[in-house]
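Engineer: Pasting in a structure now, in structure tokens, and then I'll have a few things to ask.
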Amino acid sequence: MKMTLNIWRQKSVEVAGEFVAYKVENISPDMSFLELLDVLNEGLIENGEEPVAFDYDCREGICGACSLVINGIPHGPQKATTTCQLYMREFKDGDEVWVEPWRVGAFHIVRDLVVDRSAYDRILRAGGYISVRTGAAPDGNTLPVSKDVADRAFTSATCIGCGACAAACPNASASLFVAAKISHLGLLPQGQPERNARTKMMLAQMDAEGFGFCSNHRECEAVCPKQIDIGRIARMNRDLYRSFLKRA
Amino acid sequence: MSLDSKEPTGPLENRWTKHRFDMALVNPANRKKYTVIVVGTGLAGGSAAATLGDMGYQVKSFCFQDSPRRAHSIAAQGGINAAKNYQNDGDSVWRLFYDTIKGGDFRSRESNVYRLSEISVNIIDQAVAQGVPFAREYSGLLANRSFGGAQVSRTFYARGQTGQQLLLGAYQALNRQIAAGNVQMYPRTEMLEIITIEGRARGIVTRNLVDGSIEAHTADCVVLCTGGYGNAYYLSTNAKGCNTSAAWRAHKHGAHFANPCFTQIHPTCIPQSGSYQSKLTLMSESLRNDGRVWSPKDEADIEKDPSELSEQQRDYFLERRYPAFGNLVPRDIASRAAKESCDEGRGVGPKVNNKRLGVYLDFAEAIDQLGEDAIRERYGNLFEMYERITGESPYKKPMRIYPAIHYAMGGLWVDYNLMTSIDGLFAAGECNFSDHGANRLGASALMQGLADGYFIVPYSVGDYLARHEASKISDDHAAVTDAVKAVRERINKLLNAPNAKHPPEYFHRQLGLILWDNCGMSRDPSDLREALKKIPEIREQFWSEVKVTGSGESFNQTLERAGRVADFLELGELMCIDALDRDESCGSHARTDHLNDEGEVKRDDENYSYVSAWKHSGDTAKPELHKEQLHFEFVHPSVRSYK
């Protein structure tokens, strides 16, 4: 296949960026989107040009490093799929494709398609944990957790922290990301003692980082590679109101 | 230098308890005077940094990823073993210990492995308390499964994402310490050199991957938790960023590298589809419970649609060669048999580098017998993953599989305290060699990473620090400035190769092919000698022709990769030297001259019951071999058979 890639190039956060068009030939349908960028980059390096910077690591859809907006959609056209697991057979010969970084105020551009997502780490540092000292744990079976609750906590805990939810949201909200962690920990009995404080602190941090709030556009759940649904956001809001009513 | 394992003596079950009592302690009020550097934030590094921070030490934690949550432990699928015996099926600390020693083909230390089994139960408790959502039964109690052929159900799991959930648990514990100010976190920061002063590890030199700045960080001791070196083979199931650089820098400063040739191969990976392939994807081994492995009998049939081939035209080679275990033979045997069938020209799938590397894993019979729904229930997510990557549905067409490298048992040599042969330098998790011998059992990697990080390193680091007064190293100390200078010179050399022509991957792929062909699933002495001629040639070509665009003072992923490839090009040589030196077969190390008629590995306990610990001599072609003899006081090395 042949394709034209219009890729966002930007040297750093201080300078303006622009789309640059690259024509790529001999694309195999069995190639992943990131492998296509590898091939493009190896050619650029051989020609003495600087390759396109993009984040990647595990390339099996679990580390959450890859982060491209492809034709306007975070992680591209395939549902429930990270960019690294998107294969070129999803495209047609002759397609023109636009590739951009996450566009979120709270994630600044590092270079080209690479953004700084440390805001997500800082939100989780604001209470996104259960305080337990190493060695202080009781036997694992002391506290039964009903299968249904454990399964729901697991589903929320599958978030990979990629940032697609904020990139898709018209408000650039991190609500789905924050709600996933609040649900994961808030559903489990172990997470109860810190539940109110956690909800307040994490949401305050989300606000401080400059993310917007949720107004139910549902773009986030449409692009979430782990298919986390916005029911978590409703749950988070309920936890927030609850935290005002109850003492911590 | 003699290798003192510092193992305690006495009854096996009392050793760790006794050793903990013998260790010196640091007064809680004094802990904040000590700085500890932890490199890597996977299961071992994340849990060690969090625990040390909570104890009151000043911790500096480093990772090359943009967030500590992305370390490659995240990708582990299957589960984590623990001798809880919740299933009342006869499991015990002793049984887990015995299975691990035997699985490692009697090439690991009894004391270490026993301690690992002992600690395994605490890990589960710790993870549950942190909110790791393990699978549960309807009663609300923790569920277990049998994994990797174990006869007891001791594996705890969180669907196929156990590594992710355990890593997020450790990451959350780490976050809590970062928020409390006990851990300083340096993401997108790569360790490029180690600083040693008077024989003691006192710090590291790092490169900030965003702006390229080179910094020295000094401390009272250094803990490396930097993972395995499977990416030496270029294609592996490791994440793209996984590398050996931190361990290799330590090796070049005097840390012994143990058993580098022990690398594990996983039989059920998705085959390569083209030369552009960047990594291989593993699928759970459980697929072999219902899938039948075969390849066409006749070379002429390899391009035909598999459905056109009758039963007589198919060779179910595992069932034919190993009638008792059939498709469920251990990883290494299944892998070698698949390779042999492809080497005979009977491989299927696309041609890559003129070879077809794949065999069928066929579910037609299982679907016929059990129905498609039953198969979907068992393997639905794996079938989806396969279809997403290959575009073929395993419900309609047999899967194609091929083995791939996925774990390194070898690594930095450590004593019982997980200290390397450099004083004050510890190594934990996959980057040390300690617990898996010549072969790792399924669901044991997560167990070892967390045992090291939560429960061993915090003790042994404390013991070490208690015996050394806290002290600061000045930034203009000659050892610090020399290390910084060495890093800068190396970066300049990578940026300014005299005949710059090819990107780093060009050389990495060549190295990978050589290692895979000669130091992979089976190792032939003459092939190894050939590899030992070729690797230095590629390395020389690399330093003359590697092309790194851009500068050292900016975000430069090509420069990062070039530095890692340079280290793999040296480690690769050591792997082959070790494989050639170990004139026996054991575990994952299958020498063609030491296999019995059935293709089983033949150990030589009389001559090779030792750990090979290699010391850098200044010449990568001539490392010094130090042997740590292994003593088996409690178990008797036996021979395995799967006929």
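Quick note on naming: the chains in the structure tokens go A, B, ... in the order shown, residues restart at 1 in each chain, and ligands are numbered from 1 in order of appearance.
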Distance table requested - range 124-185 of chain A against range 90-105 of chain A, cut-off 7 Å, only C-alpha atoms: one row per qualifying residue with the closest atom pair and its distance in Å to one decimal, ordered by chain and rising residue number, as a Markdown table.

Structural biologist:
| residue | atom | partner | partner_atom | distance |
| --- | --- | --- | --- | --- |
| A:Ala166 | CA | A:Val104 | CA | 6.8 |
| A:Ala167 | CA | A:Trp102 | CA | 5.2 |
| A:Ala172 | CA | A:Val104 | CA | 5.8 |

Engineer: Would you mind exporting the chosen residues as a CSV table (one decimal), in the first residue's frame, restricted to C-alpha atoms?

Structural biologist:
chain,number,residue,atom,x,y,z
A,166,ALA,CA,-8.6,13.7,28.2
A,167,ALA,CA,-7.5,14.0,24.5
A,172,ALA,CA,-10.0,18.3,28.2

Engineer: What lies within 10 Å of Ile27 in chain A using only C-alpha atoms, ignoring chain neighbours under 4 positions off, as a short mmCIF file (atom, residue, chain, number, x, y, z; two decimals) with N, CA and C atoms, in the first residue's frame?

Structural biologist:
data_model
loop_
_atom_site.label_atom_id
_atom_site.label_comp_id
_atom_site.auth_asym_id
_atom_site.auth_seq_id
_atom_site.Cartn_x
_atom_site.Cartn_y
_atom_site.Cartn_z
N MET A 1 0.85 -1.20 0.00
CA MET A 1 0.00 0.00 0.00
C MET A 1 0.88 1.25 0.00
N LYS A 2 0.29 2.33 -0.50
CA LYS A 2 0.94 3.64 -0.45
C LYS A 2 0.05 4.56 0.38
N MET A 3 0.66 5.42 1.14
CA MET A 3 -0.13 6.36 1.93
C MET A 3 0.60 7.67 2.09
N MET A 31 1.54 -4.74 9.09
CA MET A 31 2.39 -3.86 9.89
C MET A 31 1.52 -3.12 10.90
N SER A 32 2.07 -2.86 12.09
CA SER A 32 1.31 -2.02 13.01
C SER A 32 1.58 -0.56 12.66
N GLU A 35 4.93 0.45 13.68
CA GLU A 35 5.98 -0.11 12.80
C GLU A 35 6.10 0.70 11.52
N LEU A 36 4.95 1.23 11.07
CA LEU A 36 4.99 2.12 9.91
C LEU A 36 5.85 3.35 10.23
N VAL A 39 9.52 2.45 10.17
CA VAL A 39 10.08 2.37 8.82
C VAL A 39 10.33 3.78 8.28
N MET A 88 -2.21 -1.91 9.80
CA MET A 88 -2.42 -1.13 8.60
C MET A 88 -3.54 -1.68 7.73
N ARG A 89 -3.98 -2.92 8.03
CA ARG A 89 -5.10 -3.45 7.25
C ARG A 89 -6.39 -2.68 7.54
N ASP A 93 -5.29 1.51 0.55
CA ASP A 93 -4.22 2.00 -0.31
C ASP A 93 -4.58 3.42 -0.76
N TYR B 276 10.07 -5.69 8.97
CA TYR B 276 9.85 -4.46 9.73
C TYR B 276 9.43 -4.76 11.17
#

Engineer: Can you tell me, as a ChimeraX atom specification, what residues are no more than 8 Å from range 342-345 of chain B when counting only C-alpha atoms, ignoring any on the same chain fewer than 5 positions away?

Structural biologist: /B:299,355-359

Engineer: Can you spit out the residues from that selection as a PDB file, in the first residue's frame, using C-alpha atoms?

Structural biologist:
ATOM      1  CA  GLU B 299       7.376 -29.459   2.131  1.00  0.00           C
ATOM      2  CA  LYS B 355      12.362 -18.694   5.940  1.00  0.00           C
ATOM      3  CA  ARG B 356       8.844 -19.565   6.974  1.00  0.00           C
ATOM      4  CA  LEU B 357       8.838 -19.527  10.725  1.00  0.00           C
ATOM      5  CA  GLY B 358       5.569 -20.825  12.075  1.00  0.00           C
ATOM      6  CA  VAL B 359       3.683 -23.995  12.941  1.00  0.00           C
TER       7      VAL B 359
END

Engineer: How would you write, as a list in words, the set of residues in range 24-110 of chain A that DSSP gives as strand (DSSP E or B)?

Structural biologist: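 Of range 24-110 of chain A, the ones in strand (DSSP E or B) are Val24, Ser32, Val69, Ile70, Ile73, Pro74, Tyr87, Glu96, Val97, Trp98, Val99, Glu100, Val104, Phe107, Ile109 and Val110 of chain A.
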
Engineer: Which residues come within 6 Å of range 177-193 of chain A, counting only C-alpha atoms, excluding same-chain residues fewer than 3 positions away, as a list in words?

Structural biologist: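 Near range 177-193 of chain A, the qualifying residues are Ile130, Ala153, Ser156, Ala157, Ala174, Arg232, Ile233 and Met236 of chain A.
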
Engineer: Next, write the just-selected residues to a file, as a PDB file, in the first residue's frame, keeping N, CA and C atoms as the atom set.

Structural biologist:
ATOM      1  N   ILE A 130      -4.019   3.048  48.651  1.00  0.00           N
ATOM      2  CA  ILE A 130      -4.459   2.634  49.980  1.00  0.00           C
ATOM      3  C   ILE A 130      -3.202   2.656  50.843  1.00  0.00           C
ATOM      4  N   ALA A 153     -14.222  -3.815  40.502  1.00  0.00           N
ATOM      5  CA  ALA A 153     -12.998  -3.094  40.877  1.00  0.00           C
ATOM      6  C   ALA A 153     -11.901  -3.373  39.851  1.00  0.00           C
ATOM      7  N   SER A 156     -12.360  -1.406  36.611  1.00  0.00           N
ATOM      8  CA  SER A 156     -11.933  -0.014  36.760  1.00  0.00           C
ATOM      9  C   SER A 156     -10.414   0.078  36.818  1.00  0.00           C
ATOM     10  N   ALA A 157      -9.790  -0.945  37.393  1.00  0.00           N
ATOM     11  CA  ALA A 157      -8.340  -0.912  37.597  1.00  0.00           C
ATOM     12  C   ALA A 157      -7.561  -1.193  36.322  1.00  0.00           C
ATOM     13  N   ALA A 174     -10.068  15.051  32.692  1.00  0.00           N
ATOM     14  CA  ALA A 174      -9.456  13.763  33.042  1.00  0.00           C
ATOM     15  C   ALA A 174     -10.429  12.933  33.881  1.00  0.00           C
ATOM     16  N   ARG A 232     -18.499   5.108  35.806  1.00  0.00           N
ATOM     17  CA  ARG A 232     -17.521   5.389  36.872  1.00  0.00           C
ATOM     18  C   ARG A 232     -17.566   6.868  37.255  1.00  0.00           C
ATOM     19  N   ILE A 233     -17.808   7.717  36.264  1.00  0.00           N
ATOM     20  CA  ILE A 233     -17.828   9.157  36.567  1.00  0.00           C
ATOM     21  C   ILE A 233     -19.040   9.473  37.450  1.00  0.00           C
ATOM     22  N   MET A 236     -18.139   8.492  40.808  1.00  0.00           N
ATOM     23  CA  MET A 236     -17.197   9.435  41.402  1.00  0.00           C
ATOM     24  C   MET A 236     -17.934  10.676  41.916  1.00  0.00           C
TER      25      MET A 236
END

Engineer: Between A:Val20, A:Ile7, A:Ala234, A:Val145, which residue has the minimum interatomic distance to chain B, considering only C-alpha atoms?

Structural biologist: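 For chain B, the nearest of the candidates is A:Val145.
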
Engineer: For chain A, list the residues within 6 Å of chain B, counting only C-alpha atoms, and write the list as a PDB file with C-alpha atoms, in the first residue's frame.

Structural biologist:
ATOM      1  CA  GLU A  46      19.470   7.396   6.661  1.00  0.00           C
ATOM      2  CA  GLU A  50      15.503  13.967  12.351  1.00  0.00           C
ATOM      3  CA  ASP A  57       7.179   0.811  24.891  1.00  0.00           C
ATOM      4  CA  CYS A  58       5.420  -2.535  25.345  1.00  0.00           C
ATOM      5  CA  CYS A  63       1.837  -0.013  29.161  1.00  0.00           C
ATOM      6  CA  ARG A 125      -0.202  10.956  44.104  1.00  0.00           C
ATOM      7  CA  TYR A 129      -3.676   4.603  46.863  1.00  0.00           C
ATOM      8  CA  ILE A 130      -4.459   2.634  49.980  1.00  0.00           C
ATOM      9  CA  ALA A 137      -0.998  -6.673  55.867  1.00  0.00           C
ATOM     10  CA  ASP A 139      -3.789 -12.646  55.617  1.00  0.00           C
ATOM     11  CA  GLY A 140      -5.213 -12.173  52.114  1.00  0.00           C
ATOM     12  CA  ASN A 141      -8.330 -14.198  52.890  1.00  0.00           C
ATOM     13  CA  PRO A 144     -13.772 -11.629  51.683  1.00  0.00           C
ATOM     14  CA  VAL A 145     -14.731  -9.465  48.695  1.00  0.00           C
ATOM     15  CA  SER A 146     -17.759 -10.596  46.746  1.00  0.00           C
ATOM     16  CA  LYS A 147     -16.900 -11.709  43.257  1.00  0.00           C
ATOM     17  CA  ALA A 150     -13.965  -7.662  42.884  1.00  0.00           C
ATOM     18  CA  PHE A 154     -10.823  -5.003  38.429  1.00  0.00           C
TER      19      PHE A 154
END

Engineer: Once DSSP has gone over the backbone, tell me which residues of range 23-154 of chain A are in helix (DSSP H, G or I), as a PDB file with N, CA and C atoms, in the first residue's frame.

Structural biologist:
ATOM      1  N   PHE A  33       0.724   0.326  13.181  1.00  0.00           N
ATOM      2  CA  PHE A  33       0.881   1.750  12.874  1.00  0.00           C
ATOM      3  C   PHE A  33       2.240   2.258  13.352  1.00  0.00           C
ATOM      4  N   LEU A  34       2.668   1.765  14.520  1.00  0.00           N
ATOM      5  CA  LEU A  34       3.964   2.221  15.029  1.00  0.00           C
ATOM      6  C   LEU A  34       5.120   1.646  14.212  1.00  0.00           C
ATOM      7  N   GLU A  35       4.935   0.447  13.679  1.00  0.00           N
ATOM      8  CA  GLU A  35       5.984  -0.107  12.804  1.00  0.00           C
ATOM      9  C   GLU A  35       6.101   0.705  11.519  1.00  0.00           C
ATOM     10  N   LEU A  36       4.952   1.231  11.069  1.00  0.00           N
ATOM     11  CA  LEU A  36       4.995   2.121   9.906  1.00  0.00           C
ATOM     12  C   LEU A  36       5.846   3.353  10.229  1.00  0.00           C
ATOM     13  N   LEU A  37       5.647   3.908  11.414  1.00  0.00           N
ATOM     14  CA  LEU A  37       6.454   5.068  11.807  1.00  0.00           C
ATOM     15  C   LEU A  37       7.934   4.683  11.962  1.00  0.00           C
ATOM     16  N   ASP A  38       8.193   3.435  12.443  1.00  0.00           N
ATOM     17  CA  ASP A  38       9.596   2.969  12.532  1.00  0.00           C
ATOM     18  C   ASP A  38      10.254   2.993  11.156  1.00  0.00           C
ATOM     19  N   VAL A  39       9.525   2.452  10.172  1.00  0.00           N
ATOM     20  CA  VAL A  39      10.080   2.366   8.818  1.00  0.00           C
ATOM     21  C   VAL A  39      10.326   3.775   8.275  1.00  0.00           C
ATOM     22  N   LEU A  40       9.350   4.658   8.501  1.00  0.00           N
ATOM     23  CA  LEU A  40       9.516   6.051   8.066  1.00  0.00           C
ATOM     24  C   LEU A  40      10.758   6.651   8.729  1.00  0.00           C
ATOM     25  N   ASN A  41      10.891   6.428  10.029  1.00  0.00           N
ATOM     26  CA  ASN A  41      12.008   7.019  10.777  1.00  0.00           C
ATOM     27  C   ASN A  41      13.364   6.485  10.336  1.00  0.00           C
ATOM     28  N   GLU A  42      13.434   5.188  10.075  1.00  0.00           N
ATOM     29  CA  GLU A  42      14.733   4.648   9.640  1.00  0.00           C
ATOM     30  C   GLU A  42      15.153   5.297   8.327  1.00  0.00           C
ATOM     31  N   GLY A  43      14.174   5.527   7.454  1.00  0.00           N
ATOM     32  CA  GLY A  43      14.471   6.213   6.187  1.00  0.00           C
ATOM     33  C   GLY A  43      14.929   7.642   6.442  1.00  0.00           C
ATOM     34  N   LEU A  44      14.249   8.326   7.362  1.00  0.00           N
ATOM     35  CA  LEU A  44      14.626   9.718   7.668  1.00  0.00           C
ATOM     36  C   LEU A  44      16.049   9.765   8.214  1.00  0.00           C
ATOM     37  N   ILE A  45      16.378   8.837   9.109  1.00  0.00           N
ATOM     38  CA  ILE A  45      17.727   8.847   9.709  1.00  0.00           C
ATOM     39  C   ILE A  45      18.777   8.619   8.619  1.00  0.00           C
ATOM     40  N   GLU A  46      18.489   7.655   7.725  1.00  0.00           N
ATOM     41  CA  GLU A  46      19.470   7.396   6.661  1.00  0.00           C
ATOM     42  C   GLU A  46      19.675   8.625   5.785  1.00  0.00           C
ATOM     43  N   THR A  83      -2.865   2.522  19.912  1.00  0.00           N
ATOM     44  CA  THR A  83      -2.212   2.748  18.621  1.00  0.00           C
ATOM     45  C   THR A  83      -1.246   1.613  18.267  1.00  0.00           C
ATOM     46  N   CYS A  84      -0.547   1.071  19.267  1.00  0.00           N
ATOM     47  CA  CYS A  84       0.450   0.035  18.960  1.00  0.00           C
ATOM     48  C   CYS A  84      -0.194  -1.242  18.456  1.00  0.00           C
ATOM     49  N   GLN A  85      -1.478  -1.411  18.733  1.00  0.00           N
ATOM     50  CA  GLN A  85      -2.185  -2.622  18.299  1.00  0.00           C
ATOM     51  C   GLN A  85      -3.070  -2.352  17.074  1.00  0.00           C
ATOM     52  N   MET A  88      -2.207  -1.912   9.800  1.00  0.00           N
ATOM     53  CA  MET A  88      -2.424  -1.125   8.602  1.00  0.00           C
ATOM     54  C   MET A  88      -3.541  -1.684   7.730  1.00  0.00           C
ATOM     55  N   ARG A  89      -3.978  -2.917   8.026  1.00  0.00           N
ATOM     56  CA  ARG A  89      -5.101  -3.447   7.254  1.00  0.00           C
ATOM     57  C   ARG A  89      -6.389  -2.683   7.541  1.00  0.00           C
ATOM     58  N   GLU A  90      -6.384  -1.851   8.583  1.00  0.00           N
ATOM     59  CA  GLU A  90      -7.543  -1.000   8.867  1.00  0.00           C
ATOM     60  C   GLU A  90      -7.592   0.212   7.917  1.00  0.00           C
ATOM     61  N   SER A 118       2.760  13.921  32.999  1.00  0.00           N
ATOM     62  CA  SER A 118       3.042  13.789  34.432  1.00  0.00           C
ATOM     63  C   SER A 118       1.884  14.296  35.293  1.00  0.00           C
ATOM     64  N   ALA A 119       0.982  15.097  34.700  1.00  0.00           N
ATOM     65  CA  ALA A 119      -0.190  15.539  35.461  1.00  0.00           C
ATOM     66  C   ALA A 119      -0.989  14.332  35.974  1.00  0.00           C
ATOM     67  N   TYR A 120      -1.042  13.275  35.180  1.00  0.00           N
ATOM     68  CA  TYR A 120      -1.770  12.069  35.610  1.00  0.00           C
ATOM     69  C   TYR A 120      -1.088  11.437  36.834  1.00  0.00           C
ATOM     70  N   ASP A 121       0.238  11.412  36.814  1.00  0.00           N
ATOM     71  CA  ASP A 121       0.959  10.877  37.982  1.00  0.00           C
ATOM     72  C   ASP A 121       0.655  11.724  39.216  1.00  0.00           C
ATOM     73  N   ARG A 122       0.631  13.042  39.029  1.00  0.00           N
ATOM     74  CA  ARG A 122       0.404  13.909  40.194  1.00  0.00           C
ATOM     75  C   ARG A 122      -1.008  13.734  40.751  1.00  0.00           C
ATOM     76  N   ILE A 123      -1.970  13.489  39.873  1.00  0.00           N
ATOM     77  CA  ILE A 123      -3.337  13.250  40.378  1.00  0.00           C
ATOM     78  C   ILE A 123      -3.358  11.978  41.236  1.00  0.00           C
ATOM     79  N   LEU A 124      -2.673  10.945  40.764  1.00  0.00           N
ATOM     80  CA  LEU A 124      -2.682   9.695  41.534  1.00  0.00           C
ATOM     81  C   LEU A 124      -1.915   9.830  42.848  1.00  0.00           C
ATOM     82  N   ARG A 125      -0.942  10.740  42.854  1.00  0.00           N
ATOM     83  CA  ARG A 125      -0.202  10.956  44.104  1.00  0.00           C
ATOM     84  C   ARG A 125      -1.068  11.642  45.156  1.00  0.00           C
ATOM     85  N   LYS A 147     -17.463 -11.586  44.597  1.00  0.00           N
ATOM     86  CA  LYS A 147     -16.900 -11.709  43.257  1.00  0.00           C
ATOM     87  C   LYS A 147     -17.336 -10.548  42.373  1.00  0.00           C
ATOM     88  N   ASP A 148     -18.596 -10.177  42.501  1.00  0.00           N
ATOM     89  CA  ASP A 148     -19.142  -9.092  41.695  1.00  0.00           C
ATOM     90  C   ASP A 148     -18.385  -7.788  41.954  1.00  0.00           C
ATOM     91  N   VAL A 149     -18.151  -7.488  43.221  1.00  0.00           N
ATOM     92  CA  VAL A 149     -17.433  -6.261  43.574  1.00  0.00           C
ATOM     93  C   VAL A 149     -15.986  -6.339  43.096  1.00  0.00           C
ATOM     94  N   ALA A 150     -15.361  -7.495  43.310  1.00  0.00           N
ATOM     95  CA  ALA A 150     -13.965  -7.662  42.884  1.00  0.00           C
ATOM     96  C   ALA A 150     -13.851  -7.489  41.370  1.00  0.00           C
ATOM     97  N   ASP A 151     -14.822  -8.043  40.635  1.00  0.00           N
ATOM     98  CA  ASP A 151     -14.785  -7.925  39.172  1.00  0.00           C
ATOM     99  C   ASP A 151     -14.953  -6.475  38.730  1.00  0.00           C
ATOM    100  N   ARG A 152     -15.846  -5.754  39.409  1.00  0.00           N
ATOM    101  CA  ARG A 152     -16.047  -4.343  39.019  1.00  0.00           C
ATOM    102  C   ARG A 152     -14.818  -3.510  39.368  1.00  0.00           C
ATOM    103  N   ALA A 153     -14.222  -3.815  40.502  1.00  0.00           N
ATOM    104  CA  ALA A 153     -12.998  -3.094  40.877  1.00  0.00           C
ATOM    105  C   ALA A 153     -11.901  -3.373  39.851  1.00  0.00           C
ATOM    106  N   PHE A 154     -11.832  -4.643  39.429  1.00  0.00           N
ATOM    107  CA  PHE A 154     -10.823  -5.003  38.429  1.00  0.00           C
ATOM    108  C   PHE A 154     -11.033  -4.226  37.133  1.00  0.00           C
TER     109      PHE A 154
END

Engineer: May I have the residues within 10 Å of Glu430 in chain B as a PyMOL selection string, using only C-alpha atoms and disregarding those fewer than 4 positions away in the same chain?

Structural biologist: chain B and resi 42-44+73+225-229+407-412+434-436+445-446+448-449+452

Engineer: Tell me which protein, DNA and RNA residues are within 12 Å of Ser460 in chain B, counting only C-alpha atoms, leaving out same-chain ones fewer than 2 positions away, and put them as a VMD selection string.

Structural biologist: chain B and resid 6 16 19 to 26 48 52 221 to 223 414 to 420 424 to 428 452 to 458 462 to 467

Engineer: Can I get the selection written as a PDB file, in the first residue's frame, with C-alpha atoms?

Structural biologist:
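Generated output (result_6.pdb):
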ATOM      1  CA  LYS B   6      27.006 -15.444  52.278  1.00  0.00           C
ATOM      2  CA  TRP B  16      16.055 -16.395  56.637  1.00  0.00           C
ATOM      3  CA  HIS B  19      19.739 -14.144  59.026  1.00  0.00           C
ATOM      4  CA  ARG B  20      17.283 -11.325  59.714  1.00  0.00           C
ATOM      5  CA  PHE B  21      18.201 -11.496  63.373  1.00  0.00           C
ATOM      6  CA  ASP B  22      21.896 -11.370  62.520  1.00  0.00           C
ATOM      7  CA  MET B  23      21.433  -8.280  60.373  1.00  0.00           C
ATOM      8  CA  ALA B  24      22.327  -4.864  61.769  1.00  0.00           C
ATOM      9  CA  LEU B  25      19.559  -2.271  62.056  1.00  0.00           C
ATOM     10  CA  VAL B  26      19.509   1.454  61.437  1.00  0.00           C
ATOM     11  CA  ALA B  48      11.842  -1.465  46.935  1.00  0.00           C
ATOM     12  CA  LEU B  52      12.642   2.036  51.724  1.00  0.00           C
ATOM     13  CA  CYS B 221      24.198   2.757  48.187  1.00  0.00           C
ATOM     14  CA  VAL B 222      22.653   1.888  44.830  1.00  0.00           C
ATOM     15  CA  VAL B 223      19.968  -0.691  43.990  1.00  0.00           C
ATOM     16  CA  VAL B 414      24.377 -11.441  43.774  1.00  0.00           C
ATOM     17  CA  ASP B 415      24.976 -12.987  47.155  1.00  0.00           C
ATOM     18  CA  TYR B 416      22.237 -13.972  49.612  1.00  0.00           C
ATOM     19  CA  ASN B 417      21.815 -10.271  50.465  1.00  0.00           C
ATOM     20  CA  LEU B 418      21.230  -9.463  46.780  1.00  0.00           C
ATOM     21  CA  MET B 419      24.483  -7.517  46.767  1.00  0.00           C
ATOM     22  CA  THR B 420      26.565  -7.736  43.588  1.00  0.00           C
ATOM     23  CA  GLY B 424      27.050  -1.339  48.113  1.00  0.00           C
ATOM     24  CA  LEU B 425      25.560  -2.211  44.734  1.00  0.00           C
ATOM     25  CA  PHE B 426      22.436  -4.358  44.984  1.00  0.00           C
ATOM     26  CA  ALA B 427      20.498  -5.998  42.155  1.00  0.00           C
ATOM     27  CA  ALA B 428      16.886  -7.130  42.439  1.00  0.00           C
ATOM     28  CA  ASP B 452      13.169  -8.922  46.322  1.00  0.00           C
ATOM     29  CA  GLY B 453      11.637  -5.454  46.415  1.00  0.00           C
ATOM     30  CA  TYR B 454       9.228  -5.590  49.341  1.00  0.00           C
ATOM     31  CA  PHE B 455      10.878  -8.074  51.632  1.00  0.00           C
ATOM     32  CA  ILE B 456      14.590  -8.626  50.930  1.00  0.00           C
ATOM     33  CA  VAL B 457      16.195  -5.404  49.687  1.00  0.00           C
ATOM     34  CA  PRO B 458      14.762  -3.299  52.546  1.00  0.00           C
ATOM     35  CA  GLY B 462      19.453  -1.547  56.099  1.00  0.00           C
ATOM     36  CA  ASP B 463      22.068  -4.052  57.210  1.00  0.00           C
ATOM     37  CA  TYR B 464      24.588  -2.552  54.787  1.00  0.00           C
ATOM     38  CA  LEU B 465      23.880   1.045  55.787  1.00  0.00           C
ATOM     39  CA  ALA B 466      24.020   0.231  59.495  1.00  0.00           C
ATOM     40  CA  ARG B 467      27.620  -0.777  58.957  1.00  0.00           C
TER      41      ARG B 467
END
